Amino acid sequence: MISFTHEVPSQRVVFALGAVARISEEAERLSLSRALVLATPGSGGRLGARVVELLGTRAAGLHAQAVIHVPKPIAEAGLAAARETKADGLVAVGGGSAIGLAKIIARDTGLPIIAVPTTYSGSEATMIFGVSDGSRKVTGRDIKVLPRTIIYDPDLTLGLPPAVSVASGMNAIAHCVESFWADGRTPVTLALASEAMRRFVNNLPAVVADGTDRNARAECLVAAWLAGTVLTVSNGLQHKLAHVLGGLGLPHAESHAIILPHVTRFNLAAAPEAEARLAETLGGDDPAGAITGMLERFPIPHRLRDIGFDAGKIDFVAGEIEAQSIKAPRRVSAADVRQLLNAAY
Ligand code: NAD
């Protein structure tokens, strides 16, 4: 018999072309008078500087030092910047790396976050944080890190390179696929995941063909939001594996994309309902094959060896995953992980 618990945390979402211009108004709604803007260096920093300008007197400064997987020293530097500037709020502008840094600062200070996402990571819609220390990445959940407001402006994504667009799109698709069999799924997460996948499948190829296609960009950004909201389900093999690989320094979105067809093939053997849903969304009767086909048409790395994975670490990863006793939709042994990683390598 159907049985579930579904909790909907409060979050304001503003979605429009040019919406970044409303940042000061949105900061005012949260009574922020000293917002620290967080971004990645380079082009992220340039966008961050623009947001500082738009915030005007409500800006406390720009800290453009976010790095993927939030290494501990980066988290500490971000916390120090928030304290030194006496920030009363955080504005994360960029992909999951900028948002991830804001989340760690918020976890320790309680400062409210406004997220202005420019990739499809979906992190802005989750209360999941992560920080990496040496070769291990630790993740957790805390309502304090859920951004209070998200400002989606498709114009900010027009310059996202095809490879980064595809990798973060596949990362979002991985959230959806895993949610079809994960513990904690509800009628709402199932419906949103199907809708997010449908929008990605229909629009990601158009984004790759023409990064300035505003309509396709907007559709993918909506899909990214929906995919992020689905992450209320428990993490399974897909996400746990991506986190262990991330701890080893591999790029997050690309790792997700590469392992997705392999994890899907492994899990669908024990998840007939998920298989039917995926077949409906992707078309055909071989969802894992359809995902492989999508990947092959996209300009991103297709094998773990292509993103610098050291095959000598297979036993380490297999041990880490086995220790997590994954049971849904099926048990995962170290031997299963070794086989999967060898195939993905
Ligand atoms: P990212 O934030 O590292 O961005 C990738 C690259 O693209 C960076 O160099 C960035 O500067 C650049 N970039 C971003 N937006 C751009 C734009 N519009 N135009 C041009 N360049 C742009 O990558 P990501 O995939 O968005 O995020 C990965 C991180 O997010 C990982 O640390 C991952 O663990 C985390 N993540 C967290 C969650 C969560 O729920 N907590 C979910 C997904 C991902």
# chains A, B, ... in the order shown; residues from 1 in each chain; ligands from 1
$ residues_around --residues "Gly100 of chain A" --least-positions-apart "3" --cutoff "8 Å" --atoms "only C-alpha atoms" --output "PyMOL selection string"
chain A and resi 69-70+96-97+103-104+123+129-130
$ residues_around --residues "Asp306 of chain A" --least-positions-apart "4" --cutoff "10 Å" --atoms "only C-alpha atoms" --output "list of chain:residue names"
A:Glu254, A:Ile258, A:Ile300, A:Pro301, A:His302, A:Tyr345
$ write_last_selection --atoms "all heavy atoms" --output "PDB file, in the first residue's frame"
ATOM      1  N   GLU A 254      30.646  15.754 -14.345  1.00  0.00           N
ATOM      2  CA  GLU A 254      31.140  14.778 -15.330  1.00  0.00           C
ATOM      3  C   GLU A 254      31.124  13.368 -14.738  1.00  0.00           C
ATOM      4  O   GLU A 254      30.796  12.401 -15.428  1.00  0.00           O
ATOM      5  CB  GLU A 254      32.564  15.131 -15.782  1.00  0.00           C
ATOM      6  CG  GLU A 254      32.658  16.350 -16.695  1.00  0.00           C
ATOM      7  CD  GLU A 254      32.598  17.680 -15.958  1.00  0.00           C
ATOM      8  OE1 GLU A 254      32.426  17.672 -14.706  1.00  0.00           O
ATOM      9  OE2 GLU A 254      32.712  18.732 -16.614  1.00  0.00           O
ATOM     10  N   ILE A 258      29.094  10.193 -16.346  1.00  0.00           N
ATOM     11  CA  ILE A 258      29.765   8.966 -16.810  1.00  0.00           C
ATOM     12  C   ILE A 258      29.204   7.718 -16.125  1.00  0.00           C
ATOM     13  O   ILE A 258      28.987   6.692 -16.764  1.00  0.00           O
ATOM     14  CB  ILE A 258      31.300   9.081 -16.584  1.00  0.00           C
ATOM     15  CG1 ILE A 258      31.872  10.149 -17.528  1.00  0.00           C
ATOM     16  CG2 ILE A 258      31.986   7.732 -16.783  1.00  0.00           C
ATOM     17  CD1 ILE A 258      33.297  10.555 -17.215  1.00  0.00           C
ATOM     18  N   ILE A 300      31.057  15.605 -24.138  1.00  0.00           N
ATOM     19  CA  ILE A 300      31.660  15.508 -22.798  1.00  0.00           C
ATOM     20  C   ILE A 300      32.421  14.192 -22.683  1.00  0.00           C
ATOM     21  O   ILE A 300      32.212  13.284 -23.477  1.00  0.00           O
ATOM     22  CB  ILE A 300      30.617  15.603 -21.648  1.00  0.00           C
ATOM     23  CG1 ILE A 300      29.484  14.591 -21.863  1.00  0.00           C
ATOM     24  CG2 ILE A 300      30.068  16.981 -21.490  1.00  0.00           C
ATOM     25  CD1 ILE A 300      28.654  14.396 -20.603  1.00  0.00           C
ATOM     26  N   PRO A 301      33.306  14.058 -21.680  1.00  0.00           N
ATOM     27  CA  PRO A 301      34.036  12.796 -21.513  1.00  0.00           C
ATOM     28  C   PRO A 301      33.060  11.646 -21.249  1.00  0.00           C
ATOM     29  O   PRO A 301      32.037  11.834 -20.587  1.00  0.00           O
ATOM     30  CB  PRO A 301      34.899  13.049 -20.275  1.00  0.00           C
ATOM     31  CG  PRO A 301      34.892  14.510 -20.050  1.00  0.00           C
ATOM     32  CD  PRO A 301      33.652  15.059 -20.657  1.00  0.00           C
ATOM     33  N   HIS A 302      33.387  10.460 -21.796  1.00  0.00           N
ATOM     34  CA  HIS A 302      32.467   9.326 -21.662  1.00  0.00           C
ATOM     35  C   HIS A 302      32.985   8.235 -20.743  1.00  0.00           C
ATOM     36  O   HIS A 302      32.272   7.294 -20.433  1.00  0.00           O
ATOM     37  CB  HIS A 302      32.202   8.715 -23.058  1.00  0.00           C
ATOM     38  CG  HIS A 302      31.533   9.669 -23.989  1.00  0.00           C
ATOM     39  ND1 HIS A 302      31.847   9.787 -25.313  1.00  0.00           N
ATOM     40  CD2 HIS A 302      30.576  10.592 -23.749  1.00  0.00           C
ATOM     41  CE1 HIS A 302      31.106  10.734 -25.856  1.00  0.00           C
ATOM     42  NE2 HIS A 302      30.335  11.234 -24.942  1.00  0.00           N
ATOM     43  N   TYR A 345      35.253   2.775 -16.519  1.00  0.00           N
ATOM     44  CA  TYR A 345      36.647   3.208 -16.758  1.00  0.00           C
ATOM     45  C   TYR A 345      37.008   3.082 -18.242  1.00  0.00           C
ATOM     46  O   TYR A 345      37.623   3.930 -18.833  1.00  0.00           O
ATOM     47  CB  TYR A 345      37.621   2.374 -15.907  1.00  0.00           C
ATOM     48  CG  TYR A 345      39.040   2.831 -15.999  1.00  0.00           C
ATOM     49  CD1 TYR A 345      39.471   3.981 -15.325  1.00  0.00           C
ATOM     50  CD2 TYR A 345      39.971   2.153 -16.789  1.00  0.00           C
ATOM     51  CE1 TYR A 345      40.779   4.418 -15.436  1.00  0.00           C
ATOM     52  CE2 TYR A 345      41.282   2.587 -16.889  1.00  0.00           C
ATOM     53  CZ  TYR A 345      41.676   3.718 -16.202  1.00  0.00           C
ATOM     54  OH  TYR A 345      42.973   4.154 -16.317  1.00  0.00           O
TER      55      TYR A 345
END
$ closest_residue --among "A:Ile326, A:Ala125, A:Leu158, A:Val164" --to "Ala216 of chain A" --atoms "only C-alpha atoms"
A:Leu158
$ residues_near_ligand --ligand "ligand 1" --cutoff "6 Å" --atoms "only C-alpha atoms and all ligand atoms" --output "list in words"
Thr40, Gly44, Ile68, His69, Gly94, Gly95, Gly96, Ser97, Ala98, Thr118, Thr119, Ser121, Gly122, Ser123, Thr126, Ile128, Phe129, Leu156, Thr157, Gly159, Leu160, Ser168, His252 and Ala253 of chain A
$ write_last_selection --atoms "C-alpha atoms" --output "short mmCIF file (atom, residue, chain, number, x, y, z; two decimals), in the first residue's frame"
data_model
loop_
_atom_site.label_atom_id
_atom_site.label_comp_id
_atom_site.auth_asym_id
_atom_site.auth_seq_id
_atom_site.Cartn_x
_atom_site.Cartn_y
_atom_site.Cartn_z
CA THR A 40 34.00 31.32 -8.53
CA GLY A 44 32.19 33.93 -12.15
CA ILE A 68 34.35 22.76 -6.61
CA HIS A 69 33.55 20.42 -3.67
CA GLY A 94 27.20 30.85 -10.23
CA GLY A 95 27.04 27.06 -10.28
CA GLY A 96 27.03 24.48 -7.53
CA SER A 97 30.52 25.54 -6.41
CA ALA A 98 29.49 29.12 -5.51
CA THR A 118 24.02 29.86 -13.66
CA THR A 119 24.31 26.08 -14.21
CA SER A 121 23.32 21.66 -10.68
CA GLY A 122 20.03 22.26 -8.78
CA SER A 123 21.94 22.83 -5.54
CA THR A 126 18.29 21.59 -1.76
CA ILE A 128 22.27 19.45 1.14
CA PHE A 129 25.76 20.80 1.85
CA LEU A 156 23.02 34.45 -17.23
CA THR A 157 23.36 30.96 -18.72
CA GLY A 159 27.61 31.84 -22.08
CA LEU A 160 27.76 28.49 -20.27
CA SER A 168 25.52 19.85 -15.29
CA HIS A 252 31.32 16.31 -9.95
CA ALA A 253 28.97 16.77 -12.89
#
$ atom_distance --atom1 "atom CA of Ala87 of chain A" --atom2 "atom CA of Gln11 of chain A"
21.0 Å
$ decode --residues "segment 76-92 of chain A" --atoms "N, CA and C atoms" --output "compact mmCIF listing (two decimals), in the first residue's frame"
# COMPACT_ATOMS: atom_id res chain seq x y z
N GLU A 76 36.87 27.76 5.14
CA GLU A 76 37.34 28.62 6.25
C GLU A 76 37.56 30.06 5.78
N ALA A 77 38.11 30.20 4.56
CA ALA A 77 38.34 31.56 4.03
C ALA A 77 37.00 32.27 3.79
N GLY A 78 36.00 31.51 3.34
CA GLY A 78 34.68 32.10 3.10
C GLY A 78 34.05 32.55 4.41
N LEU A 79 34.19 31.72 5.44
CA LEU A 79 33.65 32.08 6.76
C LEU A 79 34.33 33.34 7.30
N ALA A 80 35.65 33.39 7.11
CA ALA A 80 36.40 34.57 7.59
C ALA A 80 35.93 35.82 6.85
N ALA A 81 35.69 35.69 5.53
CA ALA A 81 35.25 36.86 4.74
C ALA A 81 33.89 37.33 5.24
N ALA A 82 32.99 36.38 5.56
CA ALA A 82 31.65 36.76 6.03
C ALA A 82 31.77 37.52 7.36
N ARG A 83 32.68 37.05 8.23
CA ARG A 83 32.83 37.71 9.54
C ARG A 83 33.48 39.09 9.37
N GLU A 84 34.57 39.13 8.56
CA GLU A 84 35.30 40.40 8.40
C GLU A 84 34.43 41.49 7.79
N THR A 85 33.56 41.10 6.85
CA THR A 85 32.72 42.11 6.19
C THR A 85 31.43 42.37 6.97
N LYS A 86 31.29 41.67 8.10
CA LYS A 86 30.07 41.79 8.92
C LYS A 86 28.81 41.57 8.08
N ALA A 87 28.89 40.55 7.23
CA ALA A 87 27.77 40.28 6.32
C ALA A 87 26.53 39.87 7.11
N ASP A 88 25.35 40.33 6.64
CA ASP A 88 24.10 39.86 7.25
C ASP A 88 23.33 38.95 6.30
N GLY A 89 23.99 38.59 5.18
CA GLY A 89 23.37 37.68 4.23
C GLY A 89 24.36 37.31 3.15
N LEU A 90 24.03 36.30 2.36
CA LEU A 90 24.94 35.80 1.33
C LEU A 90 24.21 35.76 -0.01
N VAL A 91 24.90 36.18 -1.07
CA VAL A 91 24.33 36.04 -2.41
C VAL A 91 25.29 35.15 -3.19
N ALA A 92 24.84 33.94 -3.53
CA ALA A 92 25.70 33.01 -4.28
C ALA A 92 25.36 33.14 -5.75
